[in-house]
Amino acid sequence: MPVPLSEAGCDEAGRGCLAGPVVAASVILGDGFDLSLVADSKQLSAKAREKARRYIEEHAAAFSVFSCCNEEIDRINILQASMKAMHGAVEQLGIIPARLWIDGHYFVPHEHIPHTCVVGGDAQVACIAAASILAKTYRDALMQDYHARYPLYGWDVNKGYPTSGHRNSIVRHGPSPLHRRSFRFETG
């Protein structure tokens, strides 16, 4: 789906996790941006995502990353925290885009910028794919850092997602200060 160069893609990472922040990114690609490195972050290897992240940071017209911590997620709920993170990423761009392209089917409208929601947009719209790469790589790096402080939960591997190993560690050791208290921890 072709998108004019002054339009921004938005996506988030970490919505379904049991621990850590939800991280959103917004990207305006700009002229001359090489789309060959950009794809849905879930379809790229970790090495390819890192290469794409570096390219996006060096060549995008604008990009921004914003997060909401686990305590805020518990206070306002994960949907509202995701929306707040996306709005924060847009506000920090430094450029007001003509339109926002949002991955998913729902977005709280921005006061001054029209938007289009695209289900599976990270696989269809390049600026959303770029945002998905930044959101995922930034969140993965945070979870890697958090793993050094709380190694019992395996965040270096599961990144806070509800794997059986992660759930079992919570049952065995209790939740860490970075776990979302409003989420269910029991093993399944």
# chains A, B, ... in the order shown; residues from 1 in each chain; ligands from 1

$ closest_atom_pairs --of "segment 101-135 of chain A" --to "segment 68-85 of chain A" --cutoff "10 Å" --atoms "only C-alpha atoms" --output "CSV"
residue,atom,partner,partner_atom,distance
A:Tyr106,CA,A:Met83,CA,9.1
A:Phe107,CA,A:Met83,CA,6.7
A:Val108,CA,A:Met83,CA,6.5
A:Pro109,CA,A:Met83,CA,9.3
A:His110,CA,A:Met83,CA,9.9

$ write_last_selection --atoms "C-alpha atoms" --output "PDB file, in the first residue's frame"
ATOM      1  CA  TYR A 106      -8.435   0.485  16.802  1.00  0.00           C
ATOM      2  CA  PHE A 107      -6.812   3.817  17.616  1.00  0.00           C
ATOM      3  CA  VAL A 108      -7.841   6.697  19.841  1.00  0.00           C
ATOM      4  CA  PRO A 109      -7.925   9.543  17.304  1.00  0.00           C
ATOM      5  CA  HIS A 110      -5.218  12.166  17.536  1.00  0.00           C
TER       6      HIS A 110
END

$ select_by_dssp --residues "segment 13-177 of chain A" --states "alpha helix (DSSP H)" --output "number ranges by chain"
A: 46-59, 70-76, 78-91, 126-149, 155-158, 164-173

$ write_last_selection --atoms "C-alpha atoms" --output "compact mmCIF listing (two decimals), in the first residue's frame"
# COMPACT_ATOMS: atom_id res chain seq x y z
CA ALA A 46 16.94 -10.70 15.34
CA LYS A 47 20.03 -9.90 13.24
CA ALA A 48 17.91 -8.55 10.35
CA ARG A 49 15.81 -6.48 12.77
CA GLU A 50 18.95 -4.89 14.24
CA LYS A 51 20.27 -4.09 10.77
CA ALA A 52 16.92 -2.57 9.81
CA ARG A 53 16.76 -0.61 13.10
CA ARG A 54 20.13 1.00 12.40
CA TYR A 55 19.08 1.84 8.83
CA ILE A 56 15.77 3.36 9.99
CA GLU A 57 17.50 5.47 12.65
CA GLU A 58 20.02 6.76 10.10
CA HIS A 59 17.73 7.31 7.09
CA ASN A 70 4.14 -1.90 33.87
CA GLU A 71 2.76 0.26 36.71
CA GLU A 72 1.02 2.55 34.25
CA ILE A 73 -0.34 -0.47 32.37
CA ASP A 74 -1.81 -1.71 35.66
CA ARG A 75 -3.23 1.73 36.44
CA ILE A 76 -4.92 2.53 33.10
CA ILE A 78 -3.02 -2.31 28.51
CA LEU A 79 -5.20 -0.91 25.71
CA GLN A 80 -5.06 2.63 27.09
CA ALA A 81 -1.33 2.31 27.78
CA SER A 82 -0.78 1.16 24.18
CA MET A 83 -2.73 4.18 22.90
CA LYS A 84 -0.82 6.52 25.23
CA ALA A 85 2.50 5.10 24.02
CA MET A 86 1.51 5.53 20.35
CA HIS A 87 0.34 9.10 20.97
CA GLY A 88 3.59 9.80 22.84
CA ALA A 89 5.65 8.48 19.94
CA VAL A 90 3.73 10.68 17.48
CA GLU A 91 4.10 13.75 19.71
CA ALA A 126 6.21 0.18 4.98
CA CYS A 127 6.05 3.00 7.54
CA ILE A 128 4.13 0.72 9.94
CA ALA A 129 6.67 -2.06 9.35
CA ALA A 130 9.47 0.39 10.20
CA ALA A 131 7.65 1.38 13.38
CA SER A 132 7.17 -2.29 14.29
CA ILE A 133 10.91 -2.88 13.93
CA LEU A 134 11.78 0.02 16.21
CA ALA A 135 9.16 -0.87 18.81
CA LYS A 136 10.29 -4.50 18.95
CA THR A 137 14.04 -3.86 18.98
CA TYR A 138 13.79 -1.14 21.62
CA ARG A 139 11.56 -3.32 23.82
CA ASP A 140 13.74 -6.40 23.35
CA ALA A 141 16.81 -4.38 24.41
CA LEU A 142 14.99 -3.17 27.53
CA MET A 143 13.99 -6.73 28.44
CA GLN A 144 17.58 -7.88 27.92
CA ASP A 145 18.71 -5.18 30.39
CA TYR A 146 15.95 -6.15 32.83
CA HIS A 147 17.04 -9.79 32.58
CA ALA A 148 20.41 -8.81 34.09
CA ARG A 149 18.55 -7.51 37.16
CA TRP A 155 13.57 -12.44 29.81
CA ASP A 156 16.69 -12.79 27.66
CA VAL A 157 14.76 -15.51 25.83
CA ASN A 158 11.03 -14.88 26.37
CA SER A 164 5.29 -21.78 30.15
CA GLY A 165 8.81 -21.29 31.54
CA HIS A 166 8.09 -17.66 32.36
CA ARG A 167 4.77 -18.52 34.03
CA ASN A 168 6.40 -21.32 36.02
CA SER A 169 9.14 -18.93 37.22
CA ILE A 170 6.50 -16.49 38.45
CA VAL A 171 4.73 -19.27 40.36
CA ARG A 172 8.05 -20.50 41.80
CA HIS A 173 9.60 -17.10 42.68

$ atom_distance --atom1 "atom CA of Asp122 of chain A" --atom2 "atom CA of Arg184 of chain A"
27.7 Å

$ atom_distance --atom1 "atom CA of Val118 of chain A" --atom2 "atom CA of Ala39 of chain A"
14.9 Å

$ closest_residue --among "A:Val27, A:Ile95, A:Gly20, A:Gly120" --to "Tyr153 of chain A" --atoms "only C-alpha atoms"
A:Gly20

$ atom_distance --atom1 "atom CA of Gly14 of chain A" --atom2 "atom CA of Trp101 of chain A"
19.0 Å

$ residues_around --residues "Gly104 of chain A" --least-positions-apart "5" --cutoff "10 Å" --atoms "only C-alpha atoms" --output "ChimeraX atom specification"
/A:10-12,116-122

$ select_by_dssp --residues "chain A" --states "strand (DSSP E or B)" --output "PyMOL selection string"
chain A and resi 8-13+19+22-28+62-68+100-103+115-118+179

$ write_last_selection --atoms "C-alpha atoms" --output "PDB file, in the first residue's frame"
ATOM      1  CA  ALA A   8       3.832   8.301   9.783  1.00  0.00           C
ATOM      2  CA  GLY A   9       3.464   4.658  10.687  1.00  0.00           C
ATOM      3  CA  CYS A  10       2.760   3.590  14.277  1.00  0.00           C
ATOM      4  CA  ASP A  11       3.010   0.246  15.997  1.00  0.00           C
ATOM      5  CA  GLU A  12       3.600  -1.149  19.469  1.00  0.00           C
ATOM      6  CA  ALA A  13       5.370  -4.122  21.028  1.00  0.00           C
ATOM      7  CA  ALA A  19       6.274  -8.032  32.406  1.00  0.00           C
ATOM      8  CA  VAL A  22       4.562  -1.538  26.226  1.00  0.00           C
ATOM      9  CA  VAL A  23       6.714   0.283  23.658  1.00  0.00           C
ATOM     10  CA  ALA A  24       5.400   2.201  20.651  1.00  0.00           C
ATOM     11  CA  ALA A  25       7.236   3.738  17.727  1.00  0.00           C
ATOM     12  CA  SER A  26       6.314   6.172  14.991  1.00  0.00           C
ATOM     13  CA  VAL A  27       8.282   6.556  11.752  1.00  0.00           C
ATOM     14  CA  ILE A  28       8.160   8.911   8.773  1.00  0.00           C
ATOM     15  CA  ALA A  62      11.802  11.203  11.575  1.00  0.00           C
ATOM     16  CA  PHE A  63      11.308   8.519  14.197  1.00  0.00           C
ATOM     17  CA  SER A  64      10.353   8.335  17.839  1.00  0.00           C
ATOM     18  CA  VAL A  65       9.927   5.670  20.501  1.00  0.00           C
ATOM     19  CA  PHE A  66       7.786   6.024  23.631  1.00  0.00           C
ATOM     20  CA  SER A  67       6.905   3.549  26.371  1.00  0.00           C
ATOM     21  CA  CYS A  68       4.495   3.070  29.250  1.00  0.00           C
ATOM     22  CA  LEU A 100      -1.030   8.341  10.768  1.00  0.00           C
ATOM     23  CA  TRP A 101      -1.017   4.707   9.662  1.00  0.00           C
ATOM     24  CA  ILE A 102      -1.823   2.466  12.613  1.00  0.00           C
ATOM     25  CA  ASP A 103      -1.248  -1.269  12.884  1.00  0.00           C
ATOM     26  CA  HIS A 115      -5.443   8.221  10.845  1.00  0.00           C
ATOM     27  CA  THR A 116      -6.024   4.975   9.005  1.00  0.00           C
ATOM     28  CA  CYS A 117      -6.040   1.631  10.831  1.00  0.00           C
ATOM     29  CA  VAL A 118      -4.772  -1.404   8.915  1.00  0.00           C
ATOM     30  CA  HIS A 179       5.536  -7.730  36.338  1.00  0.00           C
TER      31      HIS A 179
END

$ residues_around --residues "Ile113 of chain A" --least-positions-apart "5" --cutoff "9 Å" --atoms "only C-alpha atoms" --output "VMD selection string"
chain A and resid 96 to 100

$ write_last_selection --atoms "N, CA and C atoms" --output "mmCIF file, in the first residue's frame"
data_model
loop_
_atom_site.group_PDB
_atom_site.id
_atom_site.type_symbol
_atom_site.label_atom_id
_atom_site.label_comp_id
_atom_site.auth_asym_id
_atom_site.auth_seq_id
_atom_site.Cartn_x
_atom_site.Cartn_y
_atom_site.Cartn_z
ATOM 1 N N ILE A 96 5.053 17.148 12.257
ATOM 2 C CA ILE A 96 3.638 16.789 12.317
ATOM 3 C C ILE A 96 3.284 16.090 11.010
ATOM 4 N N PRO A 97 2.973 14.798 11.079
ATOM 5 C CA PRO A 97 2.651 14.078 9.842
ATOM 6 C C PRO A 97 1.283 14.467 9.298
ATOM 7 N N ALA A 98 1.111 14.270 7.992
ATOM 8 C CA ALA A 98 -0.171 14.567 7.349
ATOM 9 C C ALA A 98 -1.224 13.524 7.730
ATOM 10 N N ARG A 99 -0.794 12.305 8.009
ATOM 11 C CA ARG A 99 -1.699 11.201 8.370
ATOM 12 C C ARG A 99 -0.905 10.183 9.165
ATOM 13 N N LEU A 100 -1.611 9.452 10.016
ATOM 14 C CA LEU A 100 -1.030 8.341 10.768
ATOM 15 C C LEU A 100 -1.555 7.031 10.199
#

$ decode --residues "segment 15-152 of chain A" --atoms "C-alpha atoms" --output "PDB file, in the first residue's frame"
ATOM      1  CA  ARG A  15       1.069  -5.693  24.569  1.00  0.00           C
ATOM      2  CA  GLY A  16       0.654  -9.382  25.402  1.00  0.00           C
ATOM      3  CA  CYS A  17       3.573  -9.603  27.821  1.00  0.00           C
ATOM      4  CA  LEU A  18       3.394 -10.360  31.528  1.00  0.00           C
ATOM      5  CA  ALA A  19       6.274  -8.032  32.406  1.00  0.00           C
ATOM      6  CA  GLY A  20       7.907  -4.819  31.308  1.00  0.00           C
ATOM      7  CA  PRO A  21       6.641  -1.849  29.337  1.00  0.00           C
ATOM      8  CA  VAL A  22       4.562  -1.538  26.226  1.00  0.00           C
ATOM      9  CA  VAL A  23       6.714   0.283  23.658  1.00  0.00           C
ATOM     10  CA  ALA A  24       5.400   2.201  20.651  1.00  0.00           C
ATOM     11  CA  ALA A  25       7.236   3.738  17.727  1.00  0.00           C
ATOM     12  CA  SER A  26       6.314   6.172  14.991  1.00  0.00           C
ATOM     13  CA  VAL A  27       8.282   6.556  11.752  1.00  0.00           C
ATOM     14  CA  ILE A  28       8.160   8.911   8.773  1.00  0.00           C
ATOM     15  CA  LEU A  29      10.224   7.287   6.009  1.00  0.00           C
ATOM     16  CA  GLY A  30      10.994  10.250   3.753  1.00  0.00           C
ATOM     17  CA  ASP A  31      12.617  10.507   0.311  1.00  0.00           C
ATOM     18  CA  GLY A  32      15.094   7.892  -0.842  1.00  0.00           C
ATOM     19  CA  PHE A  33      14.333   5.415   1.930  1.00  0.00           C
ATOM     20  CA  ASP A  34      15.362   1.876   0.903  1.00  0.00           C
ATOM     21  CA  LEU A  35      12.303  -0.292   1.544  1.00  0.00           C
ATOM     22  CA  SER A  36      14.172  -3.560   0.965  1.00  0.00           C
ATOM     23  CA  LEU A  37      15.240  -3.804   4.629  1.00  0.00           C
ATOM     24  CA  VAL A  38      11.774  -3.108   6.026  1.00  0.00           C
ATOM     25  CA  ALA A  39       9.288  -5.893   6.745  1.00  0.00           C
ATOM     26  CA  ASP A  40       7.010  -7.005   9.551  1.00  0.00           C
ATOM     27  CA  SER A  41       9.313  -7.286  12.571  1.00  0.00           C
ATOM     28  CA  LYS A  42       7.875 -10.706  13.422  1.00  0.00           C
ATOM     29  CA  GLN A  43       9.065 -12.021  10.037  1.00  0.00           C
ATOM     30  CA  LEU A  44      12.670 -10.850  10.470  1.00  0.00           C
ATOM     31  CA  SER A  45      15.457 -12.565  12.374  1.00  0.00           C
ATOM     32  CA  ALA A  46      16.937 -10.698  15.343  1.00  0.00           C
ATOM     33  CA  LYS A  47      20.025  -9.901  13.237  1.00  0.00           C
ATOM     34  CA  ALA A  48      17.914  -8.550  10.350  1.00  0.00           C
ATOM     35  CA  ARG A  49      15.807  -6.479  12.774  1.00  0.00           C
ATOM     36  CA  GLU A  50      18.948  -4.886  14.238  1.00  0.00           C
ATOM     37  CA  LYS A  51      20.273  -4.086  10.766  1.00  0.00           C
ATOM     38  CA  ALA A  52      16.916  -2.571   9.810  1.00  0.00           C
ATOM     39  CA  ARG A  53      16.762  -0.607  13.096  1.00  0.00           C
ATOM     40  CA  ARG A  54      20.127   0.997  12.397  1.00  0.00           C
ATOM     41  CA  TYR A  55      19.083   1.844   8.832  1.00  0.00           C
ATOM     42  CA  ILE A  56      15.772   3.360   9.995  1.00  0.00           C
ATOM     43  CA  GLU A  57      17.497   5.468  12.648  1.00  0.00           C
ATOM     44  CA  GLU A  58      20.016   6.763  10.100  1.00  0.00           C
ATOM     45  CA  HIS A  59      17.728   7.306   7.090  1.00  0.00           C
ATOM     46  CA  ALA A  60      14.142   7.953   8.182  1.00  0.00           C
ATOM     47  CA  ALA A  61      12.906  11.525   7.934  1.00  0.00           C
ATOM     48  CA  ALA A  62      11.802  11.203  11.575  1.00  0.00           C
ATOM     49  CA  PHE A  63      11.308   8.519  14.197  1.00  0.00           C
ATOM     50  CA  SER A  64      10.353   8.335  17.839  1.00  0.00           C
ATOM     51  CA  VAL A  65       9.927   5.670  20.501  1.00  0.00           C
ATOM     52  CA  PHE A  66       7.786   6.024  23.631  1.00  0.00           C
ATOM     53  CA  SER A  67       6.905   3.549  26.371  1.00  0.00           C
ATOM     54  CA  CYS A  68       4.495   3.070  29.250  1.00  0.00           C
ATOM     55  CA  CYS A  69       5.796   1.075  32.215  1.00  0.00           C
ATOM     56  CA  ASN A  70       4.137  -1.901  33.871  1.00  0.00           C
ATOM     57  CA  GLU A  71       2.764   0.263  36.709  1.00  0.00           C
ATOM     58  CA  GLU A  72       1.024   2.555  34.246  1.00  0.00           C
ATOM     59  CA  ILE A  73      -0.339  -0.467  32.373  1.00  0.00           C
ATOM     60  CA  ASP A  74      -1.808  -1.706  35.663  1.00  0.00           C
ATOM     61  CA  ARG A  75      -3.227   1.730  36.437  1.00  0.00           C
ATOM     62  CA  ILE A  76      -4.915   2.528  33.098  1.00  0.00           C
ATOM     63  CA  ASN A  77      -5.059  -0.955  31.395  1.00  0.00           C
ATOM     64  CA  ILE A  78      -3.019  -2.314  28.506  1.00  0.00           C
ATOM     65  CA  LEU A  79      -5.203  -0.909  25.714  1.00  0.00           C
ATOM     66  CA  GLN A  80      -5.063   2.631  27.094  1.00  0.00           C
ATOM     67  CA  ALA A  81      -1.329   2.309  27.779  1.00  0.00           C
ATOM     68  CA  SER A  82      -0.784   1.164  24.176  1.00  0.00           C
ATOM     69  CA  MET A  83      -2.731   4.176  22.901  1.00  0.00           C
ATOM     70  CA  LYS A  84      -0.818   6.520  25.226  1.00  0.00           C
ATOM     71  CA  ALA A  85       2.503   5.095  24.018  1.00  0.00           C
ATOM     72  CA  MET A  86       1.507   5.532  20.353  1.00  0.00           C
ATOM     73  CA  HIS A  87       0.344   9.100  20.970  1.00  0.00           C
ATOM     74  CA  GLY A  88       3.588   9.796  22.840  1.00  0.00           C
ATOM     75  CA  ALA A  89       5.653   8.476  19.939  1.00  0.00           C
ATOM     76  CA  VAL A  90       3.733  10.685  17.484  1.00  0.00           C
ATOM     77  CA  GLU A  91       4.095  13.755  19.708  1.00  0.00           C
ATOM     78  CA  GLN A  92       7.885  13.250  19.957  1.00  0.00           C
ATOM     79  CA  LEU A  93       8.440  12.967  16.177  1.00  0.00           C
ATOM     80  CA  GLY A  94       9.385  16.612  15.788  1.00  0.00           C
ATOM     81  CA  ILE A  95       7.413  16.681  12.512  1.00  0.00           C
ATOM     82  CA  ILE A  96       3.638  16.789  12.317  1.00  0.00           C
ATOM     83  CA  PRO A  97       2.651  14.078   9.842  1.00  0.00           C
ATOM     84  CA  ALA A  98      -0.171  14.567   7.349  1.00  0.00           C
ATOM     85  CA  ARG A  99      -1.699  11.201   8.370  1.00  0.00           C
ATOM     86  CA  LEU A 100      -1.030   8.341  10.768  1.00  0.00           C
ATOM     87  CA  TRP A 101      -1.017   4.707   9.662  1.00  0.00           C
ATOM     88  CA  ILE A 102      -1.823   2.466  12.613  1.00  0.00           C
ATOM     89  CA  ASP A 103      -1.248  -1.269  12.884  1.00  0.00           C
ATOM     90  CA  GLY A 104      -4.476  -2.860  14.081  1.00  0.00           C
ATOM     91  CA  HIS A 105      -8.171  -2.145  14.057  1.00  0.00           C
ATOM     92  CA  TYR A 106      -8.435   0.485  16.802  1.00  0.00           C
ATOM     93  CA  PHE A 107      -6.812   3.817  17.616  1.00  0.00           C
ATOM     94  CA  VAL A 108      -7.841   6.697  19.841  1.00  0.00           C
ATOM     95  CA  PRO A 109      -7.925   9.543  17.304  1.00  0.00           C
ATOM     96  CA  HIS A 110      -5.218  12.166  17.536  1.00  0.00           C
ATOM     97  CA  GLU A 111      -6.643  15.622  18.062  1.00  0.00           C
ATOM     98  CA  HIS A 112      -5.065  17.125  14.932  1.00  0.00           C
ATOM     99  CA  ILE A 113      -3.923  14.265  12.690  1.00  0.00           C
ATOM    100  CA  PRO A 114      -6.219  11.919  10.723  1.00  0.00           C
ATOM    101  CA  HIS A 115      -5.443   8.221  10.845  1.00  0.00           C
ATOM    102  CA  THR A 116      -6.024   4.975   9.005  1.00  0.00           C
ATOM    103  CA  CYS A 117      -6.040   1.631  10.831  1.00  0.00           C
ATOM    104  CA  VAL A 118      -4.772  -1.404   8.915  1.00  0.00           C
ATOM    105  CA  VAL A 119      -5.154  -4.876  10.413  1.00  0.00           C
ATOM    106  CA  GLY A 120      -1.848  -6.621   9.744  1.00  0.00           C
ATOM    107  CA  GLY A 121      -0.435  -3.264   8.675  1.00  0.00           C
ATOM    108  CA  ASP A 122       3.077  -4.199   9.753  1.00  0.00           C
ATOM    109  CA  ALA A 123       3.095  -6.653   6.837  1.00  0.00           C
ATOM    110  CA  GLN A 124       1.417  -4.292   4.346  1.00  0.00           C
ATOM    111  CA  VAL A 125       2.496  -0.676   4.948  1.00  0.00           C
ATOM    112  CA  ALA A 126       6.215   0.178   4.978  1.00  0.00           C
ATOM    113  CA  CYS A 127       6.048   3.000   7.545  1.00  0.00           C
ATOM    114  CA  ILE A 128       4.126   0.717   9.936  1.00  0.00           C
ATOM    115  CA  ALA A 129       6.674  -2.055   9.351  1.00  0.00           C
ATOM    116  CA  ALA A 130       9.473   0.390  10.197  1.00  0.00           C
ATOM    117  CA  ALA A 131       7.645   1.384  13.385  1.00  0.00           C
ATOM    118  CA  SER A 132       7.165  -2.291  14.288  1.00  0.00           C
ATOM    119  CA  ILE A 133      10.913  -2.879  13.932  1.00  0.00           C
ATOM    120  CA  LEU A 134      11.784   0.022  16.206  1.00  0.00           C
ATOM    121  CA  ALA A 135       9.161  -0.867  18.811  1.00  0.00           C
ATOM    122  CA  LYS A 136      10.288  -4.498  18.948  1.00  0.00           C
ATOM    123  CA  THR A 137      14.040  -3.861  18.977  1.00  0.00           C
ATOM    124  CA  TYR A 138      13.787  -1.139  21.625  1.00  0.00           C
ATOM    125  CA  ARG A 139      11.560  -3.317  23.823  1.00  0.00           C
ATOM    126  CA  ASP A 140      13.739  -6.403  23.349  1.00  0.00           C
ATOM    127  CA  ALA A 141      16.813  -4.377  24.407  1.00  0.00           C
ATOM    128  CA  LEU A 142      14.986  -3.171  27.531  1.00  0.00           C
ATOM    129  CA  MET A 143      13.990  -6.726  28.435  1.00  0.00           C
ATOM    130  CA  GLN A 144      17.583  -7.875  27.922  1.00  0.00           C
ATOM    131  CA  ASP A 145      18.707  -5.182  30.386  1.00  0.00           C
ATOM    132  CA  TYR A 146      15.948  -6.145  32.834  1.00  0.00           C
ATOM    133  CA  HIS A 147      17.044  -9.791  32.579  1.00  0.00           C
ATOM    134  CA  ALA A 148      20.411  -8.805  34.092  1.00  0.00           C
ATOM    135  CA  ARG A 149      18.545  -7.507  37.159  1.00  0.00           C
ATOM    136  CA  TYR A 150      15.940 -10.303  37.342  1.00  0.00           C
ATOM    137  CA  PRO A 151      17.504 -13.398  35.727  1.00  0.00           C
ATOM    138  CA  LEU A 152      15.031 -15.867  37.265  1.00  0.00           C
TER     139      LEU A 152
END
